[in-house]
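Participant: Data: protein-v8.csv, CSV, C-alpha atoms and all ligand atoms.
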chain,number,residue,atom,x,y,z
A,1393,MET,CA,0.0,0.0,0.0
A,1394,THR,CA,1.5,3.3,-1.0
A,1395,LYS,CA,1.1,6.1,1.5
A,1396,ILE,CA,-0.9,9.0,0.3
A,1397,ASN,CA,-0.1,12.6,1.3
A,1398,LEU,CA,-3.1,14.3,2.8
A,1399,LYS,CA,-3.8,18.0,2.3
A,1400,ARG,CA,-4.8,18.4,6.0
A,1401,PRO,CA,-4.9,16.3,9.2
A,1402,LEU,CA,-8.2,14.5,9.3
A,1403,THR,CA,-10.2,13.9,12.4
A,1404,ILE,CA,-12.5,10.9,12.4
A,1405,THR,CA,-15.1,9.5,14.8
A,1406,VAL,CA,-16.5,5.9,14.6
A,1407,ALA,CA,-20.1,6.4,15.5
A,1408,ASN,CA,-23.3,4.5,16.5
A,1409,GLN,CA,-25.7,5.4,19.2
A,1410,LYS,CA,-26.1,1.9,20.4
A,1411,GLY,CA,-23.6,0.5,22.9
A,1412,GLY,CA,-21.3,-2.3,21.8
A,1413,ALA,CA,-21.5,-1.8,18.1
A,1414,GLY,CA,-17.7,-2.2,17.8
A,1415,LYS,CA,-16.8,1.5,17.8
A,1416,SER,CA,-13.7,1.1,20.1
A,1417,THR,CA,-12.6,-2.1,18.4
A,1418,ILE,CA,-12.6,-0.5,14.9
A,1419,THR,CA,-11.1,2.8,16.2
A,1420,ARG,CA,-8.2,0.9,17.9
A,1421,TYR,CA,-7.4,-1.5,15.1
A,1422,LEU,CA,-7.8,1.0,12.2
A,1423,ALA,CA,-5.6,3.5,14.1
A,1424,TYR,CA,-3.0,0.8,14.7
A,1425,SER,CA,-3.0,-0.5,11.2
A,1426,LEU,CA,-2.6,3.1,9.7
A,1427,SER,CA,0.3,3.7,12.1
A,1428,LEU,CA,2.0,0.5,10.8
A,1429,HIS,CA,1.6,1.9,7.2
A,1430,GLY,CA,3.5,5.0,8.2
A,1431,TYR,CA,0.6,7.4,8.9
A,1432,HIS,CA,1.0,9.4,12.1
A,1433,VAL,CA,-2.1,8.8,14.2
A,1434,LEU,CA,-3.4,10.2,17.4
A,1435,VAL,CA,-6.3,8.5,19.3
A,1436,VAL,CA,-8.3,10.7,21.6
A,1437,ASP,CA,-10.2,8.6,24.2
A,1438,GLU,CA,-13.3,10.6,25.0
A,1439,ASP,CA,-15.0,7.8,26.8
A,1440,PRO,CA,-15.0,7.5,30.7
A,1441,GLN,CA,-15.1,3.7,30.3
A,1442,SER,CA,-11.5,4.2,29.1
A,1443,ASN,CA,-11.4,0.9,27.3
A,1444,THR,CA,-9.1,2.2,24.5
A,1445,THR,CA,-6.8,3.8,27.0
A,1446,LYS,CA,-6.5,0.5,28.8
A,1447,SER,CA,-5.7,-1.5,25.7
A,1448,PHE,CA,-3.2,1.1,24.5
A,1449,VAL,CA,-1.4,1.1,27.9
A,1450,VAL,CA,-1.1,-2.7,27.7
A,1451,THR,CA,0.3,-2.3,24.2
A,1452,LYS,CA,2.9,0.2,25.4
A,1453,GLU,CA,3.9,-2.1,28.3
A,1454,HIS,CA,4.3,-5.0,26.0
A,1455,ASN,CA,6.6,-3.1,23.8
A,1456,GLU,CA,8.6,-1.4,26.5
A,1457,PRO,CA,8.8,-4.2,29.2
A,1458,ASP,CA,11.6,-2.5,31.1
A,1459,SER,CA,9.9,0.9,31.6
A,1460,VAL,CA,7.5,1.7,34.4
A,1461,PHE,CA,4.7,3.7,33.0
A,1462,VAL,CA,2.3,6.0,34.9
A,1463,LEU,CA,-0.5,8.0,33.3
A,1464,ASP,CA,-0.2,11.3,35.1
A,1465,LYS,CA,-2.7,13.4,33.3
A,1466,THR,CA,-5.9,12.5,31.4
A,1467,MET,CA,-8.6,14.0,29.3
A,1468,MET,CA,-10.8,15.6,32.0
A,1469,ALA,CA,-7.8,17.5,33.5
A,1470,GLY,CA,-6.8,18.7,30.0
A,1471,ILE,CA,-10.3,19.9,29.3
A,1472,ARG,CA,-10.4,21.9,32.5
A,1473,ASP,CA,-7.0,23.4,31.6
A,1474,HIS,CA,-8.2,24.2,28.0
A,1475,ASP,CA,-5.1,22.4,26.8
A,1476,LEU,CA,-4.7,18.9,25.6
A,1477,THR,CA,-1.3,19.2,24.1
A,1478,ASN,CA,0.6,18.0,27.2
A,1479,LEU,CA,-1.6,14.9,27.6
A,1480,VAL,CA,-0.2,13.1,24.6
A,1481,VAL,CA,1.4,9.7,25.3
A,1482,ASN,CA,3.4,7.9,22.7
A,1483,ILE,CA,2.2,4.2,22.5
A,1484,LEU,CA,4.1,2.9,19.4
A,1485,PRO,CA,6.1,4.5,16.6
A,1486,ASN,CA,3.5,6.7,14.8
A,1487,LEU,CA,0.8,6.0,17.3
A,1488,ASP,CA,-0.1,8.4,20.1
A,1489,LEU,CA,-2.9,8.5,22.7
A,1490,ILE,CA,-4.7,11.1,24.7
A,1491,PRO,CA,-5.9,9.0,27.6
A,1492,ALA,CA,-9.2,9.0,29.5
A,1493,HIS,CA,-10.1,8.1,33.0
A,1494,TYR,CA,-13.3,7.5,34.8
A,1495,ASP,CA,-13.4,11.1,36.0
A,1496,LEU,CA,-14.4,12.1,32.4
A,1497,LYS,CA,-17.9,11.2,33.5
A,1498,ASN,CA,-18.0,14.8,34.8
A,1499,LEU,CA,-17.8,16.2,31.3
A,1500,THR,CA,-21.5,17.1,31.0
A,1501,ASN,CA,-21.6,18.9,34.3
A,1502,TYR,CA,-18.4,20.7,33.5
A,1503,LEU,CA,-19.7,21.9,30.1
A,1504,SER,CA,-23.0,23.0,31.6
A,1505,LYS,CA,-21.1,25.0,34.2
A,1506,GLN,CA,-18.9,26.6,31.6
A,1507,TYR,CA,-21.5,27.3,28.9
A,1508,GLY,CA,-24.9,27.0,30.6
A,1509,VAL,CA,-27.9,24.7,29.9
A,1510,ALA,CA,-30.4,25.4,27.2
A,1511,GLU,CA,-33.2,23.4,25.6
A,1512,GLU,CA,-34.5,23.6,22.1
A,1513,GLY,CA,-36.8,26.7,21.9
A,1514,ASP,CA,-34.8,28.7,24.5
A,1515,ALA,CA,-33.4,32.0,23.2
A,1516,ASN,CA,-29.8,30.9,24.0
A,1517,TYR,CA,-30.1,27.3,22.7
A,1518,HIS,CA,-28.1,27.9,19.6
A,1519,GLU,CA,-25.3,29.7,21.4
A,1520,VAL,CA,-25.0,27.2,24.2
A,1521,LYS,CA,-25.2,24.1,22.0
A,1522,SER,CA,-22.7,25.6,19.6
A,1523,LYS,CA,-20.1,26.1,22.3
A,1524,LYS,CA,-20.5,22.6,23.5
A,1525,LEU,CA,-20.5,21.2,20.0
A,1526,PHE,CA,-17.2,22.8,19.1
A,1527,PHE,CA,-15.3,22.8,22.3
A,1528,LEU,CA,-13.3,19.7,21.4
A,1529,ARG,CA,-12.6,21.0,17.8
A,1530,LYS,CA,-11.0,24.1,19.4
A,1531,LEU,CA,-8.9,22.0,21.8
A,1532,LEU,CA,-7.6,19.9,19.0
A,1533,GLU,CA,-6.5,22.8,16.8
A,1534,PRO,CA,-3.0,23.2,18.4
A,1535,LEU,CA,-2.4,19.4,17.9
A,1536,LYS,CA,-3.4,19.6,14.3
A,1537,SER,CA,-1.3,22.7,13.6
A,1538,ARG,CA,1.8,20.8,14.8
A,1539,GLY,CA,1.7,19.2,11.4
A,1540,THR,CA,2.7,15.8,12.7
A,1541,TYR,CA,-0.6,14.0,12.5
A,1542,ASP,CA,-2.3,12.5,9.5
A,1543,PHE,CA,-5.3,11.2,11.4
A,1544,ILE,CA,-6.9,11.9,14.7
A,1545,PHE,CA,-9.5,9.4,15.9
A,1546,ILE,CA,-11.9,10.1,18.7
A,1547,ASP,CA,-13.4,7.2,20.6
A,1548,THR,CA,-16.8,8.0,22.3
A,1549,PRO,CA,-19.3,6.3,24.6
A,1550,PRO,CA,-22.6,5.2,23.1
A,1551,THR,CA,-25.8,7.4,23.2
A,1552,SER,CA,-26.3,10.9,22.0
A,1553,SER,CA,-24.6,13.2,24.5
A,1554,ASP,CA,-22.0,15.9,24.9
A,1555,TYR,CA,-19.4,13.3,24.2
A,1556,THR,CA,-20.6,12.2,20.8
A,1557,ASP,CA,-21.8,15.7,19.9
A,1558,SER,CA,-18.4,17.2,20.5
A,1559,ALA,CA,-16.6,14.3,18.8
A,1560,VAL,CA,-18.8,14.9,15.7
A,1561,GLY,CA,-18.3,18.6,16.1
A,1562,ALA,CA,-14.6,18.0,15.9
A,1563,SER,CA,-14.6,15.5,13.1
A,1564,ASP,CA,-14.0,15.9,9.4
A,1565,TYR,CA,-15.5,12.4,8.8
A,1566,VAL,CA,-17.7,10.0,10.7
A,1567,LEU,CA,-17.4,6.3,10.0
A,1568,VAL,CA,-20.7,4.7,11.1
A,1569,ALA,CA,-20.4,1.1,12.3
A,1570,PHE,CA,-23.2,-1.3,12.9
A,1571,GLN,CA,-23.5,-5.0,13.9
A,1572,THR,CA,-25.0,-7.3,11.3
A,1573,GLN,CA,-26.9,-9.2,13.9
A,1574,SER,CA,-28.5,-6.7,16.2
A,1575,ASP,CA,-30.6,-3.6,16.3
A,1576,SER,CA,-27.5,-1.4,16.1
A,1577,LEU,CA,-28.5,-0.7,12.5
A,1578,ASP,CA,-31.3,1.5,14.1
A,1579,GLY,CA,-28.5,3.4,15.9
A,1580,ALA,CA,-26.7,4.0,12.6
A,1581,HIS,CA,-29.9,5.0,10.9
A,1582,ASN,CA,-30.9,7.3,13.7
A,1583,PHE,CA,-27.5,8.9,13.8
A,1584,ILE,CA,-27.6,9.8,10.1
A,1585,PHE,CA,-31.2,10.6,9.5
A,1586,ASN,CA,-32.8,11.8,12.7
A,1587,PRO,CA,-33.2,15.6,12.3
A,1588,ASP,CA,-31.9,16.2,15.8
A,1589,GLU,CA,-28.7,14.2,15.2
A,1590,LEU,CA,-26.2,14.6,12.3
A,1591,PRO,CA,-28.5,16.7,10.1
A,1592,GLU,CA,-29.0,19.4,12.8
A,1593,LYS,CA,-25.2,19.5,13.4
A,1594,VAL,CA,-24.4,19.9,9.8
A,1595,ASN,CA,-27.3,22.1,8.6
A,1596,GLU,CA,-28.0,24.3,11.6
A,1597,PHE,CA,-24.6,24.4,13.4
A,1598,GLY,CA,-22.4,24.2,10.3
A,1599,VAL,CA,-20.3,21.3,11.5
A,1600,PRO,CA,-18.0,20.6,8.4
A,1601,THR,CA,-18.3,16.8,8.6
A,1602,ASP,CA,-19.2,14.1,6.1
A,1603,VAL,CA,-20.1,10.4,6.4
A,1604,LEU,CA,-17.1,8.4,5.2
A,1605,GLY,CA,-19.0,5.2,5.0
A,1606,ILE,CA,-21.1,2.6,6.8
A,1607,LEU,CA,-19.1,-0.4,8.1
A,1608,PRO,CA,-20.8,-3.7,8.9
A,1609,ASN,CA,-19.4,-5.6,11.9
A,1610,GLN,CA,-20.2,-9.2,12.3
A,1611,MET,CA,-19.7,-9.6,16.0
A,1612,GLN,CA,-21.3,-12.9,16.8
A,1613,ARG,CA,-19.7,-16.2,16.3
A,1614,SER,CA,-23.0,-18.1,15.7
A,1615,GLY,CA,-24.8,-17.7,12.5
A,1616,SER,CA,-23.8,-16.0,9.3
A,1617,ILE,CA,-24.2,-12.4,8.4
A,1618,ASP,CA,-27.9,-11.5,8.6
A,1619,GLU,CA,-28.8,-10.8,5.0
A,1620,THR,CA,-32.0,-9.0,5.9
A,1621,VAL,CA,-30.0,-6.5,8.0
A,1622,MET,CA,-27.5,-6.1,5.2
A,1623,GLN,CA,-30.2,-5.5,2.7
A,1624,ASP,CA,-31.9,-2.9,5.0
A,1625,ALA,CA,-28.5,-1.2,5.3
A,1626,VAL,CA,-28.1,-1.0,1.5
A,1627,ASN,CA,-31.6,0.3,1.2
A,1628,PHE,CA,-31.2,3.0,3.9
A,1629,PHE,CA,-27.7,4.2,2.9
A,1630,GLY,CA,-27.1,3.3,-0.7
A,1631,LYS,CA,-24.6,0.6,-1.8
A,1632,GLU,CA,-22.0,3.2,-2.6
A,1633,ASN,CA,-22.0,4.5,0.9
A,1634,MET,CA,-21.4,1.1,2.4
A,1635,PHE,CA,-17.9,-0.2,3.0
A,1636,GLN,CA,-17.3,-3.3,0.9
A,1637,THR,CA,-15.2,-4.7,3.7
A,1638,ILE,CA,-17.2,-6.5,6.4
A,1639,VAL,CA,-15.5,-6.9,9.8
A,1640,PRO,CA,-15.8,-10.6,10.5
A,1641,TYR,CA,-16.3,-12.2,13.9
A,1642,LYS,CA,-12.8,-12.6,15.3
A,1643,ARG,CA,-12.3,-13.8,18.8
A,1644,ARG,CA,-8.8,-12.3,18.9
A,1645,LEU,CA,-10.3,-8.8,18.6
A,1646,GLN,CA,-11.7,-9.4,22.1
A,1647,SER,CA,-8.3,-9.9,23.7
A,1648,ALA,CA,-7.0,-6.4,22.9
A,1649,PRO,CA,-7.7,-5.2,26.5
A,1650,ARG,CA,-5.6,-8.1,27.9
A,1651,ASN,CA,-2.9,-8.5,25.2
A,1652,GLY,CA,-2.8,-5.1,23.6
A,1653,LEU,CA,-2.5,-4.5,19.9
A,1654,ARG,CA,0.1,-6.8,18.3
A,1655,ASN,CA,1.1,-8.2,15.0
A,1656,ASP,CA,3.6,-10.9,16.0
A,1657,SER,CA,1.6,-14.1,16.4
A,1658,TYR,CA,-0.5,-16.2,14.1
A,1659,TRP,CA,-3.8,-15.0,15.4
A,1660,ASP,CA,-2.7,-11.4,15.3
A,1661,LYS,CA,-1.5,-11.7,11.7
A,1662,ASP,CA,-4.9,-13.3,10.9
A,1663,ILE,CA,-6.7,-10.1,11.9
A,1664,PHE,CA,-4.7,-8.2,9.3
A,1665,THR,CA,-5.0,-10.8,6.5
A,1666,SER,CA,-8.7,-11.6,7.1
A,1667,PHE,CA,-10.0,-8.0,7.0
A,1668,LEU,CA,-7.8,-5.2,8.5
A,1669,ASP,CA,-5.5,-4.8,5.5
A,1670,ASP,CA,-8.6,-4.6,3.3
A,1671,LEU,CA,-10.3,-2.2,5.7
A,1672,THR,CA,-7.3,0.0,5.9
A,1673,ASN,CA,-7.0,0.1,2.1
A,1674,GLU,CA,-10.6,0.9,1.6
A,1675,PHE,CA,-10.5,3.6,4.3
A,1676,ILE,CA,-7.6,5.3,2.6
A,1677,GLU,CA,-9.3,5.0,-0.8
A,1678,ARG,CA,-12.5,6.6,0.5
A,1679,VAL,CA,-10.6,9.4,2.3
A,1680,ASN,CA,-8.7,10.1,-0.9
A,1681,LEU,CA,-11.8,10.2,-3.0
A,1682,MET,CA,-13.7,12.5,-0.6
A,1683,GLU,CA,-10.7,14.8,0.0
A,1684,SER,CA,-10.2,15.2,-3.8
A,1685,ASP,CA,-13.6,17.1,-3.9
A,1686,LYS,CA,-12.4,19.5,-1.2
B,1,LIG,N1,-15.8,-8.4,14.9
B,1,LIG,C1,-15.8,-8.7,16.1
B,1,LIG,N2,-15.6,-10.0,16.5
B,1,LIG,C2,-15.6,-10.4,17.8
B,1,LIG,N3,-15.8,-9.6,18.8
B,1,LIG,C3,-16.0,-8.3,18.5
B,1,LIG,C4,-16.0,-7.8,17.2
B,1,LIG,N4,-16.3,-6.4,17.3
B,1,LIG,C5,-16.4,-6.1,18.6
B,1,LIG,N5,-16.2,-7.2,19.4
B,1,LIG,C6,-16.3,-7.3,20.8
B,1,LIG,O1,-17.6,-6.8,21.2
B,1,LIG,C7,-17.5,-6.0,22.4
B,1,LIG,C8,-18.0,-4.6,22.1
B,1,LIG,O2,-17.1,-4.0,21.2
B,1,LIG,P1,-16.6,-2.5,21.4
B,1,LIG,O3,-16.2,-2.3,22.8
B,1,LIG,O4,-15.7,-2.2,20.3
B,1,LIG,O5,-18.0,-1.7,21.1
B,1,LIG,P2,-18.3,-0.2,21.4
B,1,LIG,O6,-19.2,0.2,20.3
B,1,LIG,O7,-17.0,0.6,21.5
B,1,LIG,O8,-19.0,-0.3,22.8
B,1,LIG,P3,-19.4,1.0,23.8
B,1,LIG,O9,-20.6,1.5,23.1
B,1,LIG,O10,-19.6,0.4,25.1
B,1,LIG,O11,-18.3,1.9,23.7
B,1,LIG,C9,-16.0,-6.1,22.8
B,1,LIG,O12,-15.9,-7.1,23.8
B,1,LIG,C10,-15.3,-6.4,21.5
B,1,LIG,O13,-14.1,-7.1,21.8
B,2,MG,MG,-16.4,1.8,23.1
Mind turning this structure into structure tokens?

Facilitator:
Amino acid sequence: MTKINLKRPLTITVANQKGGAGKSTITRYLAYSLSLHGYHVLVVDEDPQSNTTKSFVVTKEHNEPDSVFVLDKTMMAGIRDHDLTNLVVNILPNLDLIPAHYDLKNLTNYLSKQYGVAEEGDANYHEVKSKKLFFLRKLLEPLKSRGTYDFIFIDTPPTSSDYTDSAVGASDYVLVAFQTQSDSLDGAHNFIFNPDELPEKVNEFGVPTDVLGILPNQMQRSGSIDETVMQDAVNFFGKENMFQTIVPYKRRLQSAPRNGLRNDSYWDKDIFTSFLDDLTNEFIERVNLMESDK
């Protein structure tokens, strides 16, 4: 795969409003794979569950067995300081992390204290929502202008909230993931078509973001891909908007929190050959195509 030169650093969120659709798994492995292909990648963990932080710390410990590693500052502290630049932790060559911790659960309260609370219909709704929507985009600016990163991925918790809103507000592209055997297709549909979700952000608040594609994730071992769900997805979104790559069920993906991200054993290499190389290629092709219109 030849590395393309991007005109600008691109921020990307893997989205779905249902829990456990594979957002964190796809974020981690795509970021890791891109870093192995020579792209400089930053992953921002905007989820108080901190699953991505945990699996990246294990990855770092595996690669640097002699060093003692302590996370001394995480996302919530950086947000309070209005500065994320000194939170960056290097995990692997080309792969950096801004870590999260459980205290990030205070984000909503913090943002309400900073910017107020307003409901749709209130005179200050637009102003308050806009500040919350763009707060993370502003905080990422200094990291983008360093010129080092090709991609910044943001990992979010499920449900529509200040977390997902600000991640979308900061993103140039959203990659929408859904499980082929569950109702997470509703979560994908809702995210894209519900007037209060992506359409409001793009049309009323001017978030300059686009959907990069819809990615099916076959998370269950039993049964094959649910063809009805896949057909619904094609009908909802259009074939051209669907990734051709389908993430298959791979038990090894579940061991990232214990083993970290690796490519040294048979089962780790199998992740790359069975879908991750294809996904990475298709991701880059889609980015390249969409960026050529900019
Ligand atoms: N293709 C797959 N094959 C096997 N297991 C998978 C696959 N995709 C995800 N999983 C597993 O499913 C679980 C949920 O995935 P993940 O944590 O990535 O979802 P999520 O959307 O980030 O969840 P949350 O909404 O809680 O943040 C994890 O245990 C993960 O290892
Ligand atoms: Mg997650």

Participant: Which residues sit within 10 Å of ligand LIG 1 (chain B), counting all atoms listed in the file, listed as an MDAnalysis selection string?

Facilitator: chainID A and resid 1406:1421 1439:1444 1547:1551 1569:1572 1576 1608:1613 1638:1649 1663 1667

Participant: Do you have the CA of Leu1499 (chain A)-CA of Glu1511 (chain A) distance handy?

Facilitator: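 One can read the CA of Leu1499 (chain A) to CA of Glu1511 (chain A) distance as 17.9 Å.
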
Participant: Can you work out which one of A:Asn1498, A:Asn1680, A:Asn1651, A:Ser1522 has the shortest atom-to-atom distance to Gly1598 (chain A), counting all atoms listed in the file?

Facilitator: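 Nearest to Gly1598 (chain A): A:Ser1522.
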
Participant: Have a look at CA of Pro1491 (chain A) and CA of Val1462 (chain A) and let me know their distance in Å, one decimal.

Facilitator: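 Distance between the two atoms: 11.4 Å.
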
Participant: What separation in Å, quoted to one decimal, exists between CA of Ile1404 (chain A) and CA of Tyr1565 (chain A)?

Facilitator: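 We find that CA of Ile1404 (chain A) and CA of Tyr1565 (chain A) lie 4.9 Å from each other.
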
Participant: Need the shell around Asp1554 (chain A): protein/DNA/RNA residues with any atom at most 8 Å away, counting all atoms listed in the file. Skip same-chain ones fewer than 2 positions apart. Format as a list in words?

Facilitator: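 The residues that qualify are Leu1499, Thr1500, Lys1524, Leu1525, Ser1552, Thr1556, Asp1557 and Ser1558 of chain A.
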
Participant: Write the selection just made, keeping C-alpha atoms, as a short mmCIF file (atom, residue, chain, number, x, y, z; two decimals), keeping the file's coordinate frame?

Facilitator:
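Output below, filename out_39.cif:
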data_model
loop_
_atom_site.label_atom_id
_atom_site.label_comp_id
_atom_site.auth_asym_id
_atom_site.auth_seq_id
_atom_site.Cartn_x
_atom_site.Cartn_y
_atom_site.Cartn_z
CA LEU A 1499 -17.80 16.20 31.30
CA THR A 1500 -21.50 17.10 31.00
CA LYS A 1524 -20.50 22.60 23.50
CA LEU A 1525 -20.50 21.20 20.00
CA SER A 1552 -26.30 10.90 22.00
CA THR A 1556 -20.60 12.20 20.80
CA ASP A 1557 -21.80 15.70 19.90
CA SER A 1558 -18.40 17.20 20.50
#

Participant: Which one is closest to ligand MG 2 (chain B): A:Gly1630, A:Pro1401, A:Ile1544, A:Lys1446? Count only C-alpha atoms and all ligand atoms.

Facilitator: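 So, comparing all the options, the nearest one is A:Lys1446.
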
Participant: Of the candidates A:Thr1601, A:Thr1445, A:Gln1623, A:Ser1684, which shows the shortest atom-to-atom distance to ligand MG 2 (chain B), using all atoms listed in the file?

Facilitator: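 When distances to ligand MG 2 (chain B) are compared using all atoms listed in the file, the smallest one comes from A:Thr1445.
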
Participant: Rank A:Leu1567, A:Leu1426, A:Leu1484, A:Ile1396 by their smallest atom-to-atom distance to Asp1670 (chain A), using only C-alpha atoms, and report the top residue only.

Facilitator: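 Among the listed residues, A:Leu1426 lies closest to Asp1670 (chain A).
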
Participant: Between A:Val1460, A:Leu1428, A:Ala1469, A:Ile1546, which one has atoms that come closest to ligand MG 2 (chain B), using all atoms listed in the file?

Facilitator: A:Ile1546

Participant: Which of these residues is nearest to ligand MG 2 (chain B), using all atoms listed in the file: A:Thr1637, A:Val1603, A:Gly1513, A:Tyr1555?

Facilitator: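 Going through A:Thr1637, A:Val1603, A:Gly1513, A:Tyr1555 one by one, the smallest distance to ligand MG 2 (chain B) is for A:Tyr1555.
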